[in-house]
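Enquirer: Have a peek at structure_9.tsv (TSV, C-alpha atoms).
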chain	number	residue	atom	x	y	z
A	1	MET	CA	17.25	17.41	-16.61
A	2	THR	CA	15.45	14.04	-16.42
A	3	SER	CA	13.36	15.09	-13.43
A	4	ALA	CA	12.46	18.38	-15.14
A	5	LEU	CA	11.14	16.42	-18.12
A	6	SER	CA	9.16	14.08	-15.82
A	7	TYR	CA	7.65	16.97	-13.88
A	8	ALA	CA	6.79	18.68	-17.18
A	9	VAL	CA	4.92	15.56	-18.37
A	10	TRP	CA	3.06	15.32	-15.03
A	11	GLY	CA	2.18	19.00	-15.33
A	12	VAL	CA	0.85	18.54	-18.87
A	13	LEU	CA	-1.23	15.55	-17.71
A	14	ALA	CA	-2.66	17.64	-14.85
A	15	LEU	CA	-3.57	20.37	-17.33
A	16	VAL	CA	-5.25	17.81	-19.61
A	17	VAL	CA	-7.31	16.54	-16.63
A	18	ALA	CA	-8.37	20.11	-15.80
A	19	ALA	CA	-9.19	20.86	-19.44
A	20	LEU	CA	-11.23	17.67	-19.83
A	21	TRP	CA	-13.02	18.41	-16.56
A	22	ALA	CA	-13.91	21.92	-17.76
A	23	ARG	CA	-14.92	20.69	-21.23
A	24	SER	CA	-17.21	18.02	-19.78
A	25	HIS	CA	-19.26	20.78	-18.10
A	26	GLN	CA	-19.87	22.58	-21.39
A	27	PRO	CA	-23.19	21.89	-23.11
A	28	ASP	CA	-23.29	19.84	-26.32
A	29	VAL	CA	-19.90	18.13	-25.97
A	30	SER	CA	-18.95	14.47	-25.77
A	31	PRO	CA	-16.83	13.91	-22.60
A	32	ALA	CA	-19.09	12.76	-19.75
A	33	ARG	CA	-19.02	14.77	-16.53
A	34	PRO	CA	-16.83	13.20	-13.78
A	35	ALA	CA	-19.92	12.69	-11.57
A	36	VAL	CA	-21.55	10.65	-14.34
A	37	VAL	CA	-18.37	8.60	-14.84
A	38	LEU	CA	-18.32	7.91	-11.08
A	39	GLN	CA	-22.00	6.92	-11.14
A	40	ARG	CA	-21.41	4.54	-14.06
A	41	LEU	CA	-18.51	2.91	-12.22
A	42	ALA	CA	-20.43	2.73	-8.91
A	43	ARG	CA	-23.40	0.99	-10.55
A	44	GLY	CA	-21.60	-1.64	-12.60
A	45	PRO	CA	-21.57	-5.11	-11.01
A	46	VAL	CA	-17.78	-5.49	-11.21
A	47	THR	CA	-16.61	-1.88	-11.52
A	48	ARG	CA	-18.25	-0.89	-8.22
A	49	ILE	CA	-16.14	-3.43	-6.33
A	50	ALA	CA	-13.02	-2.29	-8.21
A	51	LEU	CA	-13.90	1.34	-7.42
A	52	VAL	CA	-14.16	0.79	-3.65
A	53	VAL	CA	-11.01	-1.36	-3.59
A	54	ALA	CA	-9.09	1.26	-5.61
A	55	TRP	CA	-10.27	4.06	-3.29
A	56	ALA	CA	-9.30	2.04	-0.21
A	57	TRP	CA	-5.90	1.16	-1.70
A	58	VAL	CA	-5.13	4.79	-2.55
A	59	GLY	CA	-5.96	5.86	1.02
A	60	TRP	CA	-3.93	3.08	2.56
A	61	HIS	CA	-0.97	3.76	0.24
A	62	LEU	CA	-0.99	7.51	0.86
A	63	PHE	CA	-1.68	7.67	4.60
A	64	ALA	CA	-0.87	4.34	6.23
A	65	ARG	CA	1.35	2.19	3.90
B	1	MET	CA	-44.97	24.08	5.05
B	2	PRO	CA	-43.31	24.26	8.46
B	3	THR	CA	-42.67	20.47	8.68
B	4	ALA	CA	-40.76	20.40	5.40
B	5	GLY	CA	-38.86	23.54	6.43
B	6	ARG	CA	-37.91	21.98	9.77
B	7	ARG	CA	-36.79	18.80	7.98
B	8	ASN	CA	-34.66	20.84	5.56
B	9	ARG	CA	-33.10	22.75	8.45
B	10	ARG	CA	-32.34	19.49	10.23
B	11	THR	CA	-30.73	18.12	7.06
B	12	VAL	CA	-28.57	21.24	6.69
B	13	VAL	CA	-27.49	21.02	10.36
B	14	ALA	CA	-26.68	17.31	9.95
B	15	MET	CA	-24.66	18.00	6.76
B	16	MET	CA	-22.74	20.80	8.48
B	17	ALA	CA	-22.01	18.58	11.48
B	18	LEU	CA	-20.81	15.85	9.11
B	19	ALA	CA	-18.58	18.31	7.24
B	20	LEU	CA	-17.10	19.68	10.47
B	21	GLY	CA	-16.55	16.13	11.72
B	22	ALA	CA	-14.77	15.22	8.48
B	23	ILE	CA	-12.53	18.31	8.73
B	24	ALA	CA	-11.68	17.54	12.38
B	25	TYR	CA	-11.00	13.89	11.53
B	26	SER	CA	-8.75	14.90	8.61
B	27	LEU	CA	-6.76	17.25	10.85
B	28	ALA	CA	-6.36	14.48	13.44
B	29	ALA	CA	-5.39	11.93	10.78
B	30	SER	CA	-2.83	14.33	9.29
B	31	ALA	CA	-0.98	14.29	12.63
B	32	THR	CA	-0.31	10.55	12.39
B	33	THR	CA	2.93	9.10	11.05
B	34	PRO	CA	2.83	6.54	8.23
B	35	PHE	CA	3.74	2.95	9.25
B	36	SER	CA	2.34	3.55	12.75
B	37	ALA	CA	-0.65	1.89	14.43
B	38	THR	CA	-2.46	5.23	14.73
B	39	ALA	CA	-2.05	5.92	10.99
B	40	ASN	CA	-3.32	2.42	10.22
B	41	ALA	CA	-6.36	2.94	12.48
B	42	ALA	CA	-7.08	6.46	11.16
B	43	THR	CA	-7.08	5.12	7.58
B	44	ALA	CA	-8.82	1.82	8.29
B	45	LEU	CA	-11.82	3.47	9.99
B	46	PRO	CA	-13.08	5.38	6.90
B	47	ILE	CA	-12.36	2.34	4.70
B	48	ALA	CA	-14.52	0.19	7.00
B	49	ALA	CA	-17.24	2.87	7.13
B	50	VAL	CA	-17.41	3.25	3.33
B	51	THR	CA	-17.43	-0.53	2.86
B	52	VAL	CA	-20.28	-0.96	5.37
B	53	LEU	CA	-22.26	1.95	3.85
B	54	ALA	CA	-21.80	0.54	0.33
B	55	ILE	CA	-23.00	-2.89	1.43
B	56	ALA	CA	-25.96	-1.34	3.27
B	57	HIS	CA	-27.08	1.12	0.58
B	58	TRP	CA	-26.15	-0.43	-2.74
B	59	PRO	CA	-28.58	-2.88	-4.36
B	60	LEU	CA	-27.33	-6.44	-4.50
B	61	ARG	CA	-27.73	-6.57	-8.27
B	62	SER	CA	-27.74	-3.58	-10.59
B	63	ARG	CA	-31.01	-3.34	-12.51
B	64	PRO	CA	-31.07	-2.94	-16.28
B	65	GLY	CA	-31.44	0.77	-17.01
B	66	SER	CA	-30.02	1.83	-13.62
B	67	GLN	CA	-26.86	3.07	-15.37
B	68	PRO	CA	-27.13	6.82	-15.88
B	69	ALA	CA	-27.05	8.22	-19.38
B	70	VAL	CA	-23.55	9.58	-19.96
B	71	VAL	CA	-24.91	12.32	-22.19
B	72	PRO	CA	-28.09	14.25	-21.44
B	73	GLU	CA	-30.98	13.64	-23.81
B	74	GLY	CA	-31.03	15.83	-26.87
B	75	VAL	CA	-27.28	16.32	-26.89
B	76	ASN	CA	-25.65	15.32	-30.14
B	77	ALA	CA	-22.32	14.08	-28.82
B	78	ARG	CA	-19.50	13.10	-31.13
B	79	GLY	CA	-17.61	9.94	-30.14
B	80	HIS	CA	-18.09	7.86	-26.99
B	81	PRO	CA	-18.54	10.13	-23.94
B	82	LEU	CA	-16.25	7.97	-21.79
B	83	ARG	CA	-13.49	7.53	-24.41
B	84	ALA	CA	-11.52	10.65	-23.44
B	85	TRP	CA	-11.50	9.65	-19.74
B	86	ILE	CA	-10.47	6.06	-20.52
B	87	VAL	CA	-7.60	7.26	-22.74
B	88	LEU	CA	-6.49	9.78	-20.09
B	89	VAL	CA	-6.48	7.17	-17.30
B	90	ALA	CA	-4.54	4.76	-19.55
B	91	VAL	CA	-1.92	7.44	-20.31
B	92	VAL	CA	-1.56	8.40	-16.61
B	93	VAL	CA	-1.24	4.74	-15.51
B	94	GLY	CA	1.22	4.08	-18.36
B	95	PHE	CA	3.42	7.06	-17.44
B	96	GLU	CA	3.25	6.11	-13.72
B	97	LEU	CA	4.49	2.61	-14.58
B	98	PHE	CA	7.19	4.03	-16.87
B	99	GLU	CA	8.43	6.31	-14.08
B	100	TYR	CA	8.22	3.53	-11.48
B	101	LEU	CA	10.22	1.08	-13.59
B	102	ALA	CA	12.72	3.59	-15.05
B	103	PRO	CA	16.31	3.07	-13.89
B	104	GLY	CA	17.64	5.83	-11.66
B	105	SER	CA	16.60	7.57	-8.51
B	106	ARG	CA	13.01	8.37	-7.55
B	107	GLY	CA	14.00	12.02	-7.56
B	108	ALA	CA	14.84	11.76	-11.25
B	109	HIS	CA	11.69	9.79	-12.01
B	110	PRO	CA	8.91	11.06	-9.72
B	111	THR	CA	5.76	8.98	-9.39
B	112	VAL	CA	2.38	10.05	-8.02
B	113	SER	CA	3.35	8.40	-4.70
B	114	SER	CA	6.65	10.28	-4.40
B	115	MET	CA	4.94	13.58	-5.22
B	116	ALA	CA	2.26	12.76	-2.62
B	117	ASP	CA	5.04	12.09	-0.09
B	118	ALA	CA	6.28	15.64	-0.64
B	119	VAL	CA	2.75	16.97	-0.08
B	120	ASP	CA	2.35	14.86	3.07
B	121	ARG	CA	5.37	16.58	4.68
B	122	SER	CA	3.13	19.59	5.26
B	123	ARG	CA	0.45	18.80	7.85
B	124	GLY	CA	-2.02	21.27	6.37
B	125	LEU	CA	-1.69	19.88	2.84
B	126	LYS	CA	-1.91	16.33	4.18
B	127	ALA	CA	-5.18	17.23	5.95
B	128	VAL	CA	-6.56	18.67	2.70
B	129	VAL	CA	-5.59	15.51	0.76
B	130	PHE	CA	-7.09	13.31	3.49
B	131	LEU	CA	-10.33	15.35	3.42
B	132	ALA	CA	-10.46	15.04	-0.39
B	133	TRP	CA	-10.03	11.26	-0.04
B	134	LEU	CA	-12.87	11.13	2.53
B	135	CYS	CA	-15.13	13.21	0.24
B	136	LEU	CA	-14.37	10.86	-2.66
B	137	GLY	CA	-15.39	7.90	-0.49
B	138	VAL	CA	-18.71	9.59	0.36
B	139	ALA	CA	-19.21	10.49	-3.33
B	140	ILE	CA	-18.62	6.84	-4.31
B	141	VAL	CA	-21.26	5.62	-1.83
B	142	CYS	CA	-23.75	8.28	-3.00
B	143	ALA	CA	-23.05	7.53	-6.69
B	144	GLY	CA	-23.89	3.86	-6.23
B	145	THR	CA	-26.98	4.48	-4.09
B	146	PRO	CA	-30.20	4.46	-6.14
B	147	ALA	CA	-32.44	7.52	-5.90
B	148	ARG	CA	-34.99	7.30	-3.07
B	149	ALA	CA	-37.93	6.83	-5.48
B	150	ALA	CA	-36.15	3.99	-7.27
B	151	GLY	CA	-34.85	2.63	-3.97
B	152	VAL	CA	-38.24	1.15	-3.10
B	153	SER	CA	-38.22	-1.17	-6.08
B	154	ASP	CA	-34.48	-1.82	-5.74
B	155	GLU	CA	-35.11	-3.31	-2.30
B	156	THR	CA	-36.76	-6.30	-3.98
B	157	ASP	CA	-33.40	-7.20	-5.48
B	158	ARG	CA	-31.87	-7.91	-2.09
Spell out the structure here as structure tokens.
Expert:
Amino acid sequence: MTSALSYAVWGVLALVVAALWARSHQPDVSPARPAVVLQRLARGPVTRIALVVAWAWVGWHLFAR
Amino acid sequence: MPTAGRRNRRTVVAMMALALGAIAYSLAASATTPFSATANAATALPIAAVTVLAIAHWPLRSRPGSQPAVVPEGVNARGHPLRAWIVLVAVVVGFELFEYLAPGSRGAHPTVSSMADAVDRSRGLKAVVFLAWLCLGVAIVCAGTPARAAGVSDETDR
């Protein structure tokens, strides 16, 4: 029962990501497109370092440990 | 213009070769076992490549005005364009921490890592996830690289 609830929450979060992604590509709406968010992060003096470190950590955690 | 056409064709061929190389590398990396030297090497190589490319292509200091507009001009957006993404990331990180710290088995409280472990058991899916991770690394480098026209002036910042 507990795991079903957890998976349901993860599923809802995945749907929210997909919905936000789709909405950001509509004209005249407020959420920025993911590419623009990535560009903002990659061009900030601190966020660009955090972005590369986060990407590297995710890869290491998922494939190497 | 034949010269421009030849250059475009060369760019397309180079992009296709890069894509095929990335697919082949992902398939090879998906055959490695976590906690092994080969898995460490297969993961460390792209990390080193992206780090070197970022150092080589990104300007030392970001110039004022180099940040892209989050909303195209003329669009009357309500609220901050990044707010929804920030809230979503905060909720995902919060739920991940809740699941990680919750008492009980990992099966009862799955985290992103444990779900990824299940995906990694299939070699094909693991190759797809690895390829997506490689593509994200390339996208990060490209996102931080100034446009070629602006790159000339950005060089003075080095």
Enquirer: Looking at B:Ala22, B:Ala14, B:Ala143, B:Val129, which one is nearest to chain A, with distances taken over all atoms listed in the file?
Expert: B:Ala143
Enquirer: Applying 6 Å and all atoms listed in the file, which residues near Ala39 in chain B remain after dropping the ones on its own chain fewer than 6 positions away? List them as a ChimeraX atom specification.
Expert: /A:64 /B:32-33
Enquirer: Looking at B:Ala4, B:Leu101, B:Leu82, B:Ile23, which one is nearest to Ala35 in chain A, with distances taken over all atoms listed in the file?
Expert: B:Leu82
Enquirer: Give me, as a list in words, all polymer residues having an atom no more than 9 Å from Glu99 in chain B, counting all atoms listed in the file and skipping those fewer than 5 positions away in the same chain.
Expert: Ser6 of chain A; Gly94, Arg106, Ala108, His109, Pro110 and Thr111 of chain B
Enquirer: Neighbouring residues of Ile49 in chain A were defined as those with any atom within 12 Å, considering all atoms listed in the file; residues of the same chain fewer than 6 positions away were excluded. Please report them as a list in words.
Expert: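 That gives Leu41, Ala42, Arg43, Trp55 and Ala56 of chain A; Val50, Thr51, Ala54, Ile55, Trp58, Leu60, Ile140, Val141 and Gly144 of chain B.
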Enquirer: If I take CA of Pro34 in chain A and CA of Val12 in chain A, how far is one from the other in Å, to one decimal?
Expert: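 These two atoms are separated by 19.2 Å.
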Enquirer: Do you have the CA of Ala8 in chain A-CA of Gly107 in chain B distance handy?
Expert: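 Straight-line distance from CA of Ala8 in chain A to CA of Gly107 in chain B works out to 13.7 Å.
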Enquirer: Given the point (-16.1, 15.5, -22.2) in the coordinates of this file, which residues lie within 8 Å, counting only C-alpha atoms, and how would they look as a ChimeraX atom specification?
Expert: /A:20-21,23-25,29-33 /B:81-82,84-85
Enquirer: Measure the distance from CA of Arg40 in chain A to CA of Ile86 in chain B in Å and round it to one decimal.
Expert: 12.8 Å
Enquirer: Pick from A:Ala54, A:Gln26, A:Val46, A:Trp60: nearest to chain B, with all atoms listed in the file counted?
Expert: A:Trp60
Enquirer: Which protein, DNA or RNA residues are at most 12 Å from (-18.4, 11.7, 3.7) in the file's coordinates when you count only C-alpha atoms, listed as a PyMOL selection string?
Expert: chain B and resi 14-23+25-26+46-47+49-50+53+130-142
Enquirer: So, with all atoms listed in the file as the atoms that count, which of A:Phe63, A:Val53, A:Gly44, A:Val36 lies closest to Ala31 in chain B?
Expert: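 Result for the nearest residue to Ala31 in chain B: A:Phe63.
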Enquirer: Measuring between only C-alpha atoms, which one of A:Trp57, A:Pro27, A:Ala18, A:Ser3 shows the shortest distance to chain B?
Expert: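 Using only C-alpha atoms, chain B sits closest to A:Ser3.
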Enquirer: Under the rule that all atoms listed in the file are counted, which of A:Ala22, A:Leu62, A:Ala50, A:Gly11 is the nearest residue to chain B?
Expert: A:Leu62
Enquirer: Could the centre and edge lengths of an axis-aligned box, enclosing all atoms of range 47-52 of chain A in the file with 8 Å extra on each side, be given in Å to one decimal as AutoDock Vina command-line options?
Expert:
--center_x -15.6 --center_y -1.0 --center_z -7.6 --size_x 21.2 --size_y 20.8 --size_z 23.9
